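For reference, upload_5.txt (compact mmCIF, C-alpha atoms):
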```txt
# COMPACT_ATOMS: atom_id res chain seq x y z
CA MET M 7 138.58 76.99 98.15
CA SER M 8 135.34 78.29 99.55
CA GLU M 9 134.19 81.80 100.23
CA VAL M 10 131.15 83.55 101.62
CA THR M 11 128.96 85.01 98.91
CA ASP M 12 125.65 86.80 99.21
CA GLN M 13 124.04 85.16 96.23
CA GLY M 14 121.61 83.11 98.28
CA ALA M 15 117.86 83.66 98.43
CA LEU M 16 116.47 86.98 99.61
CA ILE M 17 116.18 87.24 103.39
CA PRO M 18 112.46 86.93 104.19
CA ARG M 19 110.65 90.17 105.02
CA GLN M 20 109.91 90.74 108.71
CA ARG M 21 106.35 91.76 108.10
CA HIS M 22 105.66 92.69 111.73
CA LEU M 23 108.18 95.51 111.40
CA HIS M 24 106.28 96.97 108.43
CA PRO M 25 102.93 98.79 108.58
CA VAL M 26 99.85 96.67 109.07
CA PRO M 27 97.95 96.35 105.76
CA TYR M 28 94.55 96.90 107.40
CA ASP M 29 94.10 99.86 109.73
CA PRO M 30 90.60 101.33 110.33
CA GLU M 31 92.16 104.69 111.26
CA TYR M 32 93.54 104.92 107.71
CA LYS M 33 90.24 104.49 105.98
CA THR M 34 91.42 103.78 102.44
CA SER M 35 93.33 100.75 103.70
CA VAL M 36 90.05 99.11 104.75
CA PRO M 37 88.81 98.09 101.27
CA ARG M 38 92.32 97.83 99.78
CA SER M 39 93.99 95.36 102.16
CA PRO M 40 94.02 91.64 101.36
CA LYS M 41 92.16 89.53 103.89
CA TRP M 42 93.80 86.17 103.25
CA PRO M 43 97.37 85.39 104.29
CA LEU M 44 100.17 86.02 101.80
CA LEU M 45 101.67 82.96 100.12
CA SER M 46 105.23 82.58 101.40
CA MET M 47 107.99 80.98 99.38
CA GLU M 48 111.74 81.20 99.02
CA SER M 49 112.73 83.70 96.36
CA THR M 50 113.35 82.62 92.78
CA PRO M 51 115.21 84.31 89.90
CA SER M 52 112.05 86.36 89.28
CA GLU M 53 112.62 88.15 92.60
CA GLU M 54 116.43 87.91 92.72
CA THR M 55 116.93 89.80 89.46
CA GLY M 56 115.67 93.25 88.66
CA PRO M 57 115.95 96.22 86.32
CA ARG M 58 119.19 98.21 86.33
CA PHE M 59 119.39 101.85 85.36
CA GLY M 60 122.58 103.58 84.29
CA HIS M 61 123.80 107.06 85.16
CA SER M 62 123.17 108.00 81.52
CA LEU M 63 119.47 108.04 82.44
CA LEU M 64 119.96 111.18 84.50
CA GLY M 65 119.79 114.81 83.49
CA PRO M 66 121.99 117.35 85.30
CA LEU M 67 119.10 118.75 87.39
CA ASP M 68 117.26 115.51 88.10
CA ASN M 69 118.24 115.60 91.80
CA ASN M 70 117.67 119.35 92.18
CA LEU M 71 113.97 119.96 92.80
CA ILE M 72 114.65 123.65 93.44
CA LEU M 73 115.53 124.12 89.78
CA ASN M 74 114.34 121.10 87.78
CA PHE M 75 110.86 122.54 87.07
CA SER M 76 111.87 126.20 86.97
CA LYS M 77 110.41 128.09 84.05
CA ASP M 78 112.94 130.91 83.96
CA GLY M 79 115.75 129.82 86.24
CA SER M 80 114.03 131.14 89.38
CA PRO M 81 114.30 128.81 92.36
CA ALA M 82 111.31 127.11 93.95
CA ILE M 83 109.80 128.88 96.97
CA GLY M 84 110.49 127.39 100.39
CA GLU M 85 113.03 126.42 103.00
CA ARG M 86 116.04 125.10 101.10
CA ILE M 87 117.21 121.67 102.27
CA LEU M 88 119.67 118.96 101.32
CA MET M 89 118.24 115.45 101.73
CA HIS M 90 121.02 112.88 101.76
CA GLY M 91 121.77 109.39 102.95
CA GLN M 92 123.06 105.95 102.16
CA VAL M 93 121.26 102.91 100.77
CA LEU M 94 122.39 99.70 102.48
CA ASP M 95 121.17 96.13 102.53
CA GLU M 96 120.43 93.96 105.54
CA ASN M 97 124.00 92.64 105.46
CA ALA M 98 125.07 96.27 106.09
CA ARG M 99 126.61 96.53 102.64
CA PRO M 100 126.15 99.64 100.51
CA VAL M 101 123.79 99.32 97.53
CA PRO M 102 125.63 101.14 94.73
CA HIS M 103 124.24 102.35 91.41
CA THR M 104 120.57 102.00 92.25
CA LEU M 105 117.79 104.37 91.27
CA VAL M 106 116.24 106.57 93.99
CA GLU M 107 113.15 108.62 93.15
CA ILE M 108 111.37 111.18 95.35
CA TRP M 109 108.16 113.20 95.16
CA GLN M 110 106.62 115.72 97.49
CA ALA M 111 104.25 118.65 98.07
CA ASN M 112 105.46 122.22 97.68
CA ALA M 113 106.28 124.54 100.58
CA GLY M 114 102.58 125.29 101.08
CA GLY M 115 101.60 121.62 101.22
CA ARG M 116 100.16 121.36 97.70
CA TYR M 117 101.03 118.71 95.12
CA ARG M 118 101.20 119.53 91.45
CA HIS M 119 98.45 117.04 90.64
CA VAL M 120 95.07 117.44 89.02
CA LYS M 121 93.37 115.83 92.03
CA ASP M 122 94.97 118.08 94.67
CA ASN M 123 92.66 121.08 95.22
CA TYR M 124 94.10 122.31 98.52
CA LEU M 125 93.87 126.08 99.21
CA ALA M 126 97.64 126.55 99.18
CA PRO M 127 98.82 127.85 95.79
CA LEU M 128 100.97 126.03 93.29
CA ASP M 129 104.51 127.33 92.88
CA PRO M 130 105.07 127.85 89.14
CA ASN M 131 108.71 126.86 89.56
CA PHE M 132 108.17 123.67 91.57
CA GLY M 133 107.18 120.31 90.07
CA GLY M 134 107.86 118.07 93.04
CA CYS M 135 109.74 115.08 91.65
CA GLY M 136 113.39 114.14 91.40
CA ARG M 137 115.63 111.15 90.92
CA THR M 138 119.24 110.08 91.26
CA ILE M 139 121.41 106.97 91.25
CA THR M 140 123.49 106.03 94.27
CA ASP M 141 127.27 106.25 93.99
CA ALA M 142 129.75 103.42 94.55
CA GLU M 143 129.17 103.69 98.34
CA GLY M 144 125.39 103.70 98.02
CA ARG M 145 125.12 107.43 98.79
CA TYR M 146 122.57 109.80 97.32
CA GLN M 147 121.51 113.41 97.73
CA PHE M 148 118.75 115.77 96.64
CA LEU M 149 118.48 119.52 96.85
CA THR M 150 114.86 120.48 97.47
CA ILE M 151 112.57 122.60 99.61
CA ARG M 152 110.95 121.42 102.81
CA PRO M 153 107.40 120.33 101.94
CA GLY M 154 104.50 121.81 103.88
CA ALA M 155 102.05 119.86 106.02
CA TYR M 156 98.56 119.57 104.59
CA PRO M 157 95.07 118.38 105.49
CA TRP M 158 93.64 115.28 103.84
CA PRO M 159 90.25 113.60 103.77
CA ASN M 160 90.29 110.77 106.30
CA ARG M 161 88.94 111.47 109.78
CA ALA M 162 87.41 114.94 110.19
CA ASN M 163 90.66 116.82 110.79
CA ASP M 164 93.67 114.77 109.72
CA TRP M 165 96.88 116.42 108.61
CA ARG M 166 99.91 114.83 107.01
CA PRO M 167 103.20 115.70 108.67
CA MET M 168 105.85 117.17 106.39
CA HIS M 169 107.14 114.25 104.34
CA ILE M 170 108.96 113.24 101.19
CA HIS M 171 107.99 110.05 99.35
CA ILE M 172 110.95 107.91 98.34
CA SER M 173 111.17 104.93 96.00
CA VAL M 174 114.20 102.61 95.81
CA PHE M 175 114.91 99.70 93.47
CA GLY M 176 117.93 97.87 94.83
CA HIS M 177 119.34 95.18 92.57
CA SER M 178 116.45 92.75 92.58
CA PHE M 179 112.71 93.11 92.09
CA GLY M 180 112.09 91.57 95.51
CA GLN M 181 113.91 94.49 97.17
CA ARG M 182 111.49 97.06 95.76
CA LEU M 183 110.52 99.59 98.43
CA ILE M 184 108.50 102.80 98.68
CA THR M 185 108.45 104.69 101.96
CA GLN M 186 108.24 108.22 103.35
CA MET M 187 110.77 110.43 105.13
CA TYR M 188 109.52 112.56 108.02
CA PHE M 189 111.30 115.49 109.68
CA GLU M 190 112.74 115.61 113.17
CA GLY M 191 110.57 117.55 115.60
CA ASP M 192 107.33 117.59 113.57
CA PRO M 193 104.44 117.31 116.09
CA LEU M 194 102.11 116.00 113.37
CA ILE M 195 103.99 112.68 113.11
CA ASP M 196 102.37 111.44 116.33
CA ARG M 197 98.91 112.44 115.06
CA CYS M 198 99.18 110.89 111.60
CA PRO M 199 97.16 107.71 110.95
CA ILE M 200 99.41 106.79 108.03
CA ALA M 201 102.55 106.98 110.16
CA ALA M 202 100.61 105.05 112.82
CA THR M 203 100.13 102.07 110.49
CA ILE M 204 103.63 101.18 111.75
CA LYS M 205 102.87 99.70 115.15
CA GLU M 206 106.37 99.50 116.60
CA ARG M 207 107.51 102.98 117.60
CA SER M 208 111.20 102.25 117.08
CA GLN M 209 110.39 101.35 113.48
CA LEU M 210 108.55 104.61 112.86
CA ASP M 211 111.53 106.46 114.34
CA ARG M 212 113.61 105.02 111.50
CA LEU M 213 111.57 107.14 109.07
CA VAL M 214 112.28 110.41 110.91
CA ALA M 215 115.28 112.21 109.42
CA PRO M 216 117.49 114.12 111.87
CA LEU M 217 118.67 117.64 111.19
CA ASP M 218 122.29 117.27 110.05
CA MET M 219 124.13 120.53 110.61
CA ALA M 220 127.40 118.95 109.51
CA ARG M 221 126.03 118.82 105.97
CA ALA M 222 124.14 122.14 106.07
CA ARG M 223 125.75 124.92 104.02
CA PRO M 224 125.92 128.29 105.79
CA LEU M 225 123.67 130.97 104.25
CA ASP M 226 122.26 128.39 101.81
CA PHE M 227 120.52 125.20 103.01
CA LEU M 228 119.83 122.96 106.00
CA ALA M 229 120.46 119.22 105.70
CA TYR M 230 118.51 116.12 106.74
CA LYS M 231 119.96 112.62 106.71
CA PHE M 232 117.89 109.63 105.67
CA ASP M 233 119.52 106.20 105.38
CA ILE M 234 117.56 103.36 103.79
CA VAL M 235 117.95 99.62 104.31
CA LEU M 236 116.77 97.21 101.62
CA ARG M 237 116.32 93.45 101.92
CA GLY M 238 119.55 91.48 101.75
CA ARG M 239 120.46 88.13 100.24
CA ARG M 240 121.31 85.21 102.48
CA GLN M 241 125.05 84.70 102.67
CA THR M 242 126.18 81.20 101.81
CA MET M 243 129.42 79.28 101.71
CA PHE M 244 130.13 78.78 98.07
CA GLU M 245 132.54 76.17 96.74
CA ASN M 246 134.75 77.72 94.08
CA LYS M 247 136.34 75.04 91.94
CA LEU M 248 139.34 76.49 90.23
CA GLU M 249 139.78 75.65 86.56
CA GLY M 250 141.66 72.37 86.10
CA MET M 251 141.59 71.33 89.75
CA MET Z 20 122.69 89.11 127.18
CA VAL Z 21 124.11 87.76 123.99
CA GLN Z 22 126.31 89.19 121.29
CA SER Z 23 124.56 91.57 118.94
CA LEU Z 24 124.01 90.63 115.32
CA ASP Z 25 125.77 92.76 112.75
CA SER Z 26 122.83 92.64 110.36
CA LEU Z 27 120.35 95.44 109.72
CA THR Z 28 116.62 95.24 109.19
CA GLU Z 29 114.73 96.58 106.20
CA THR Z 30 113.39 100.13 106.37
CA PRO Z 31 109.63 100.03 106.96
CA SER Z 32 107.36 100.71 104.01
CA GLN Z 33 104.77 103.49 103.81
CA THR Z 34 101.95 103.89 101.33
CA ALA Z 35 102.88 105.33 97.94
CA GLY Z 36 99.88 107.64 98.38
CA PRO Z 37 97.56 109.16 95.79
CA TYR Z 38 100.30 111.08 93.97
CA VAL Z 39 102.76 108.27 93.28
CA HIS Z 40 102.46 109.12 89.59
CA ILE Z 41 104.18 112.49 90.17
CA GLY Z 42 107.30 110.72 91.34
CA CYS Z 43 107.32 107.63 89.14
CA ILE Z 44 105.58 108.55 85.88
CA PRO Z 45 105.49 112.37 85.91
CA SER Z 46 104.54 112.82 82.25
CA PHE Z 47 101.50 110.61 82.83
CA ALA Z 48 100.73 112.74 85.91
CA GLY Z 49 100.73 115.95 83.89
CA LEU Z 50 104.30 117.09 84.56
CA PRO Z 51 105.83 116.75 81.10
CA GLY Z 52 109.38 117.80 80.51
CA VAL Z 53 110.91 117.01 83.89
CA TYR Z 54 112.44 113.90 82.32
CA PRO Z 55 112.69 113.11 78.58
CA GLU Z 56 110.20 110.27 79.07
CA ASP Z 57 108.66 108.29 81.90
CA LEU Z 58 110.67 105.33 83.18
CA GLY Z 59 109.51 101.89 82.08
CA LEU Z 60 107.16 103.00 79.32
CA SER Z 61 107.56 99.61 77.65
CA PRO Z 62 109.28 96.34 78.62
CA ILE Z 63 110.18 95.68 74.98
CA SER Z 64 111.52 97.60 72.03
CA ASP Z 65 111.16 96.94 68.31
CA GLY Z 66 112.39 93.54 67.23
CA ALA Z 67 111.75 91.69 70.49
CA LYS Z 68 111.73 87.96 69.77
CA GLY Z 69 108.69 85.91 70.63
CA GLN Z 70 104.95 86.40 70.81
CA ILE Z 71 103.81 89.97 71.47
CA ILE Z 72 100.87 89.92 73.86
CA THR Z 73 98.55 92.46 75.46
CA ILE Z 74 97.22 91.97 78.98
CA THR Z 75 94.29 94.12 80.11
CA GLY Z 76 92.78 94.28 83.56
CA ALA Z 77 91.81 96.29 86.59
CA VAL Z 78 92.81 96.51 90.24
CA ILE Z 79 89.56 96.04 92.15
CA ASP Z 80 88.96 96.86 95.83
CA GLY Z 81 86.82 94.99 98.36
CA THR Z 82 83.68 96.89 97.32
CA GLY Z 83 84.09 95.90 93.66
CA TRP Z 84 85.36 99.32 92.57
CA ALA Z 85 88.26 99.52 90.12
CA LEU Z 86 91.06 101.70 91.51
CA ARG Z 87 91.81 104.78 89.43
CA ASP Z 88 95.04 105.61 91.25
CA ALA Z 89 96.99 102.33 91.29
CA MET Z 90 100.46 102.04 89.81
CA ILE Z 91 101.87 98.69 88.78
CA GLU Z 92 105.38 97.54 87.92
CA SER Z 93 106.13 94.35 86.03
CA TRP Z 94 109.32 92.34 85.70
CA GLN Z 95 109.91 89.38 83.42
CA PRO Z 96 112.46 87.53 81.29
CA ASP Z 97 112.57 87.40 77.51
CA ALA Z 98 110.88 84.72 75.40
CA GLY Z 99 113.79 82.40 76.09
CA GLY Z 100 113.49 82.74 79.87
CA LEU Z 101 116.54 85.01 80.25
CA PHE Z 102 116.43 88.20 82.30
CA ALA Z 103 117.97 91.40 80.91
CA GLY Z 104 121.72 91.51 81.39
CA ARG Z 105 122.20 87.74 81.31
CA PRO Z 106 124.46 86.37 78.56
CA GLY Z 107 122.37 85.69 75.48
CA ALA Z 108 119.35 87.67 76.66
CA ASP Z 109 117.30 89.42 73.97
CA PRO Z 110 118.62 93.02 73.88
CA ALA Z 111 115.14 94.21 72.84
CA VAL Z 112 113.63 93.07 76.15
CA SER Z 113 114.29 95.27 79.21
CA GLY Z 114 111.66 93.24 81.05
CA PHE Z 115 110.57 96.17 83.22
CA CYS Z 116 107.38 98.17 82.80
CA ARG Z 117 105.48 100.76 84.80
CA PHE Z 118 101.83 101.30 84.05
CA ALA Z 119 98.86 102.92 85.72
CA ALA Z 120 95.15 102.37 85.85
CA ASP Z 121 93.28 104.65 83.46
CA LYS Z 122 91.92 107.67 85.31
CA ASP Z 123 88.44 107.19 83.80
CA SER Z 124 87.95 103.46 83.35
CA GLY Z 125 90.40 102.00 85.85
CA LEU Z 126 91.72 99.64 83.17
CA PHE Z 127 95.42 99.00 82.70
CA THR Z 128 97.17 97.57 79.65
CA LEU Z 129 100.52 95.80 79.51
CA ARG Z 130 101.96 95.15 76.05
CA THR Z 131 104.94 92.86 76.23
CA VAL Z 132 106.50 89.67 74.97
CA LYS Z 133 105.29 86.40 76.40
CA PRO Z 134 107.98 85.31 78.87
CA GLY Z 135 109.82 82.01 78.73
CA ALA Z 136 110.06 79.58 81.61
CA VAL Z 137 112.68 80.13 84.33
CA ARG Z 138 114.31 77.47 86.46
CA HIS Z 139 113.87 77.57 90.24
CA ARG Z 140 116.86 77.17 92.59
CA SER Z 141 115.66 73.66 93.37
CA GLY Z 142 116.10 72.76 89.70
CA MET Z 143 112.37 72.69 89.04
CA MET Z 144 111.09 74.61 86.06
CA GLN Z 145 108.64 77.41 86.85
CA ALA Z 146 105.80 77.98 84.42
CA PRO Z 147 106.11 81.20 82.39
CA HIS Z 148 105.00 84.18 84.44
CA ILE Z 149 105.31 87.95 84.86
CA SER Z 150 105.98 89.37 88.34
CA LEU Z 151 103.86 92.32 89.45
CA TRP Z 152 104.23 94.89 92.22
CA ILE Z 153 101.18 97.02 92.99
CA VAL Z 154 101.19 100.27 94.95
CA ALA Z 155 98.44 102.81 95.63
CA ARG Z 156 96.88 105.00 98.28
CA GLY Z 157 95.63 102.67 101.03
CA ILE Z 158 98.21 99.97 100.26
CA ASN Z 159 100.71 100.26 103.10
CA ILE Z 160 103.29 97.88 101.65
CA GLY Z 161 103.50 97.09 97.94
CA LEU Z 162 101.65 93.93 96.93
CA SER Z 163 103.45 91.23 94.95
CA THR Z 164 101.75 88.75 92.69
CA ARG Z 165 102.31 86.93 89.39
CA ILE Z 166 100.57 86.59 86.04
CA TYR Z 167 100.54 83.03 84.64
CA PHE Z 168 98.85 82.09 81.36
CA GLU Z 169 95.98 79.70 80.82
CA ASP Z 170 97.44 78.44 77.54
CA GLU Z 171 100.70 77.29 79.19
CA ASP Z 172 101.38 74.14 81.21
CA ASN Z 173 101.07 75.34 84.81
CA SER Z 174 100.74 71.86 86.31
CA VAL Z 175 104.20 71.56 87.86
CA ASP Z 176 104.89 75.19 88.81
CA PRO Z 177 106.30 75.15 92.37
CA LEU Z 178 104.54 78.36 93.46
CA LEU Z 179 101.12 77.41 92.14
CA ALA Z 180 101.56 73.97 93.73
CA ARG Z 181 101.74 75.62 97.16
CA ILE Z 182 98.25 77.07 96.97
CA GLU Z 183 96.15 74.82 99.18
CA GLN Z 184 92.74 76.09 98.10
CA ARG Z 185 92.92 75.02 94.45
CA PRO Z 186 90.24 77.42 93.15
CA ARG Z 187 92.49 80.30 94.24
CA VAL Z 188 95.10 79.22 91.68
CA GLU Z 189 92.79 80.71 89.05
CA THR Z 190 93.37 84.21 90.48
CA LEU Z 191 96.95 84.07 89.14
CA ILE Z 192 96.11 82.87 85.63
CA ALA Z 193 95.44 85.30 82.79
CA LYS Z 194 92.49 84.30 80.62
CA ARG Z 195 92.96 84.28 76.89
CA THR Z 196 90.44 86.60 75.23
CA GLY Z 197 91.79 86.57 71.66
CA ASP Z 198 94.92 86.11 69.62
CA GLY Z 199 97.68 87.47 71.83
CA GLN Z 200 95.08 89.04 74.14
CA TYR Z 201 94.66 88.25 77.83
CA ARG Z 202 92.58 89.49 80.75
CA PHE Z 203 94.03 89.64 84.26
CA ASP Z 204 92.18 91.36 87.12
CA ILE Z 205 93.73 91.95 90.51
CA ARG Z 206 91.23 91.70 93.38
CA LEU Z 207 92.61 93.22 96.54
CA GLN Z 208 89.93 91.79 98.79
CA GLY Z 209 86.61 89.98 98.79
CA GLU Z 210 85.30 87.28 96.47
CA GLY Z 211 88.09 85.98 94.25
CA GLU Z 212 90.80 87.78 96.23
CA THR Z 213 94.07 87.48 94.31
CA VAL Z 214 96.81 85.37 95.86
CA PHE Z 215 99.48 87.84 96.99
CA LEU Z 216 103.02 86.74 97.66
CA ASP Z 217 105.56 86.98 100.46
CA ILE Z 218 108.59 85.95 98.49
```

For the file at hand, write its structure as structure tokens.
Amino acid sequence: MSEVTDQGALIPRQRHLHPVPYDPEYKTSVPRSPKWPLLSMESTPSEETGPRFGHSLLGPLDNNLILNFSKDGSPAIGERILMHGQVLDENARPVPHTLVEIWQANAGGRYRHVKDNYLAPLDPNFGGCGRTITDAEGRYQFLTIRPGAYPWPNRANDWRPMHIHISVFGHSFGQRLITQMYFEGDPLIDRCPIAATIKERSQLDRLVAPLDMARARPLDFLAYKFDIVLRGRRQTMFENKLEGM
Amino acid sequence: MVQSLDSLTETPSQTAGPYVHIGCIPSFAGLPGVYPEDLGLSPISDGAKGQIITITGAVIDGTGWALRDAMIESWQPDAGGLFAGRPGADPAVSGFCRFAADKDSGLFTLRTVKPGAVRHRSGMMQAPHISLWIVARGINIGLSTRIYFEDEDNSVDPLLARIEQRPRVETLIAKRTGDGQYRFDIRLQGEGETVFLDI
């Protein structure tokens, strides 16, 4: 008998749908972008395998940024939100049991980092990182606060829109992805040179999370939905020879 | 019009930014205690079989400056060429490591076991290598490359064979600097630009 399996090579990246590596409006990309073409090749076991992380990795507050850095049980300051979504692959299949990590600025737009000297104060109860592992349907969620916008040194007056950084592993090293989630209605998205490294508007729209009132909890938090698609494996017809036949 | 495909396309990447360490290696970034320890501190644990090696290098931009804010992930098989989770794989080799450039010198260090060779789908044997993924502020989509070793037979490796400009092969080969010691620099741009992969 034969059946369709998805154990073929990784589907090649559609690089034109990703940000351009070199963009003069995002100045740091100028000296950090390769000039020569990438070397393309079909994936090998080195890209088709990858690290797996079990649920035992997680602490009970790892996906709760409101409490996971609290010194005395006090919640972080800011607009309480639920960030949730599903991780899928390009074959529209859920990606279960994969590690999702996020990091972000606090409600004032300040990161807890030695190199961030922005005027906004640190929140003693907010660290700004969290992690979780998707469930059997590829779903994940974080409780956090909405990060503030902040200025950054690029052109004379550039501001980052509110955003949350997100890192996803998938099941193979070649699926590795880091991206950013923006918030519906933020006027700074259209002025951001980092967002603008994505040249196709419909692709940038995929990074803007809609307000999701169906998941908001009255008198507690608003919700934003952010689905993520990782590279898929090519589906192939596979000949299964039954034992003894 | 035609029928629509039922496939999806990958979510676009965005730069990991200058504070990637907060999210990925928070203890390194000065946020101890959020997690018991940073993920991927070492790709091996005590008792890993094979030769223990140390690879040192820097990620260098087009002006010749070593990045202080890069983060790198590595992925490799054990000394026998088996990836973690495969039957018979060395249980002391997770194969995954996260490491950052030093904030002062820009140097990174990867201490691991020298990987074994892995067969390609075509049946060809690939020369031993470690896969790398590099992210940083100014890198809009993570850069993939590989570390090969100058004291291995790289002559029939199918990836290296695809590099038309033969001097560029050298950008993927770690130079032996001592017993179990290697140097591997990653040049993002300019003279000696590393071969980056779309794979």

So that I can check the surroundings of stretch 62-79 of chain Z, please list as a short mmCIF file (atom, residue, chain, number, x, y, z; two decimals) with C-alpha atoms, in the coordinates of the input every protein, DNA and RNA residue that reaches within 7 Å of it, counting only C-alpha atoms and ignoring chain neighbours fewer than 2 positions away.
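Written out: out.cif:
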```cif
data_model
loop_
_atom_site.label_atom_id
_atom_site.label_comp_id
_atom_site.auth_asym_id
_atom_site.auth_seq_id
_atom_site.Cartn_x
_atom_site.Cartn_y
_atom_site.Cartn_z
CA GLY Z 59 109.51 101.89 82.08
CA GLY Z 81 86.82 94.99 98.36
CA GLY Z 83 84.09 95.90 93.66
CA TRP Z 84 85.36 99.32 92.57
CA ALA Z 85 88.26 99.52 90.12
CA LEU Z 86 91.06 101.70 91.51
CA ALA Z 98 110.88 84.72 75.40
CA ASP Z 109 117.30 89.42 73.97
CA ALA Z 111 115.14 94.21 72.84
CA VAL Z 112 113.63 93.07 76.15
CA SER Z 113 114.29 95.27 79.21
CA GLY Z 114 111.66 93.24 81.05
CA PHE Z 115 110.57 96.17 83.22
CA CYS Z 116 107.38 98.17 82.80
CA ALA Z 120 95.15 102.37 85.85
CA GLY Z 125 90.40 102.00 85.85
CA LEU Z 126 91.72 99.64 83.17
CA PHE Z 127 95.42 99.00 82.70
CA THR Z 128 97.17 97.57 79.65
CA LEU Z 129 100.52 95.80 79.51
CA ARG Z 130 101.96 95.15 76.05
CA THR Z 131 104.94 92.86 76.23
CA VAL Z 132 106.50 89.67 74.97
CA LYS Z 133 105.29 86.40 76.40
CA GLY Z 199 97.68 87.47 71.83
CA GLN Z 200 95.08 89.04 74.14
CA TYR Z 201 94.66 88.25 77.83
CA ARG Z 202 92.58 89.49 80.75
CA PHE Z 203 94.03 89.64 84.26
CA ASP Z 204 92.18 91.36 87.12
CA ILE Z 205 93.73 91.95 90.51
CA ARG Z 206 91.23 91.70 93.38
CA LEU Z 207 92.61 93.22 96.54
#
```

Enumerate, in order of chain and increasing residue number, the residues of chain Z with an atom no farther than 8 Å from chain M, each with its shortest atom pair and distance in Å to one decimal, counting all atoms listed in the file, as a Markdown table.
```
| residue | atom | partner | partner_atom | distance |
| --- | --- | --- | --- | --- |
| Z:Asp25 | CA | M:Asn97 | CA | 7.5 |
| Z:Ser26 | CA | M:Asn97 | CA | 5.0 |
| Z:Leu27 | CA | M:Glu96 | CA | 4.4 |
| Z:Thr28 | CA | M:Glu96 | CA | 5.4 |
| Z:Glu29 | CA | M:Val235 | CA | 4.8 |
| Z:Thr30 | CA | M:Val235 | CA | 5.0 |
| Z:Pro31 | CA | M:His24 | CA | 4.8 |
| Z:Ser32 | CA | M:Thr185 | CA | 4.6 |
| Z:Gln33 | CA | M:Thr185 | CA | 4.3 |
| Z:Thr34 | CA | M:Thr185 | CA | 6.6 |
| Z:Ala35 | CA | M:Ile184 | CA | 6.2 |
| Z:Tyr38 | CA | M:His119 | CA | 7.1 |
| Z:Val39 | CA | M:Trp109 | CA | 7.5 |
| Z:Ile41 | CA | M:Cys135 | CA | 6.3 |
| Z:Gly42 | CA | M:Trp109 | CA | 4.6 |
| Z:Cys43 | CA | M:Glu107 | CA | 7.1 |
| Z:Pro45 | CA | M:Cys135 | CA | 7.6 |
| Z:Ala48 | CA | M:His119 | CA | 6.8 |
| Z:Gly49 | CA | M:His119 | CA | 7.2 |
| Z:Leu50 | CA | M:Gly133 | CA | 7.0 |
| Z:Val53 | CA | M:Phe75 | CA | 6.4 |
| Z:Tyr54 | CA | M:Gly65 | CA | 7.5 |
| Z:Asp80 | CA | M:Arg38 | CA | 5.3 |
| Z:Gly81 | CA | M:Pro37 | CA | 4.7 |
| Z:Thr82 | CA | M:Pro37 | CA | 6.6 |
| Z:Trp94 | CA | M:Gly56 | CA | 7.1 |
| Z:Gln95 | CA | M:Ser52 | CA | 6.9 |
| Z:Phe102 | CA | M:Thr55 | CA | 7.4 |
| Z:Ala103 | CA | M:Pro57 | CA | 7.5 |
| Z:Ser113 | CA | M:Pro57 | CA | 7.4 |
| Z:Gly114 | CA | M:Pro57 | CA | 7.4 |
| Z:Phe115 | CA | M:Pro57 | CA | 6.2 |
| Z:Val137 | CA | M:Pro51 | CA | 7.4 |
| Z:Arg138 | CA | M:Pro51 | CA | 7.7 |
| Z:His139 | CA | M:Thr50 | CA | 5.7 |
| Z:Arg140 | CA | M:Thr50 | CA | 6.5 |
| Z:Ser150 | CA | M:Ser52 | CA | 6.8 |
| Z:Arg156 | CA | M:Thr34 | CA | 7.0 |
| Z:Gly157 | CA | M:Ser35 | CA | 4.0 |
| Z:Ile158 | CA | M:Ser35 | CA | 6.0 |
| Z:Asn159 | CA | M:Pro27 | CA | 5.5 |
| Z:Ile160 | CA | M:Pro27 | CA | 6.9 |
| Z:Gly161 | CA | M:Leu183 | CA | 7.5 |
| Z:Leu178 | CA | M:Met47 | CA | 7.3 |
| Z:Arg181 | CA | M:Leu45 | CA | 7.9 |
| Z:Ile182 | CA | M:Leu45 | CA | 7.5 |
| Z:Leu207 | CA | M:Pro40 | CA | 5.3 |
| Z:Gln208 | CA | M:Pro40 | CA | 4.8 |
| Z:Gly209 | CA | M:Lys41 | CA | 7.6 |
| Z:Glu212 | CA | M:Pro40 | CA | 7.2 |
| Z:Val214 | CA | M:Leu44 | CA | 6.9 |
| Z:Phe215 | CA | M:Leu44 | CA | 5.2 |
| Z:Leu216 | CA | M:Leu45 | CA | 4.7 |
| Z:Asp217 | CA | M:Ser46 | CA | 4.5 |
| Z:Ile218 | CA | M:Met47 | CA | 5.1 |
```

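Here atom CA of Z:Ile166 is placed at a distance of 11.0 Å from atom CA of Z:Trp152.
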
- request: Report the distance between atom CA of M:His90 and atom CA of M:Asp218 in Å, rounded to one decimal place.
  value: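 Calculated distance between atom CA of M:His90 and atom CA of M:Asp218 is 9.5 Å.
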
query: What's the 10 Å shell around M:Arg152, counting all atoms listed in the file, without same-chain residues fewer than 2 positions away, as JSON, numbers by chain?
result: {"M": [83, 84, 85, 86, 87, 88, 89, 110, 111, 112, 113, 114, 115, 149, 150, 154, 155, 168, 169, 170, 189, 228]}

query: Which neighbours of M:Gln13 fall inside 8 Å, counting only C-alpha atoms, when residues of the same chain fewer than 3 positions from it are skipped, and could you give them as number ranges by chain?
result: M: 239-242

Would you compute the box with edges along x, y and z of the file around stretch 86-90 of chain Z, including every atom the file lists for it and 8 Å extra on each side, and give its centre and edge lengths in Å to one decimal, as lines of an AutoDock Vina configuration file?
```
center_x = 95.8
center_y = 103.7
center_z = 90.5
size_x = 25.4
size_y = 19.9
size_z = 18.1
```

task: For atom CA of Z:Ser163 and atom CA of Z:Ala180, quote the distance in Å rounded to one decimal.
output: 17.4 Å
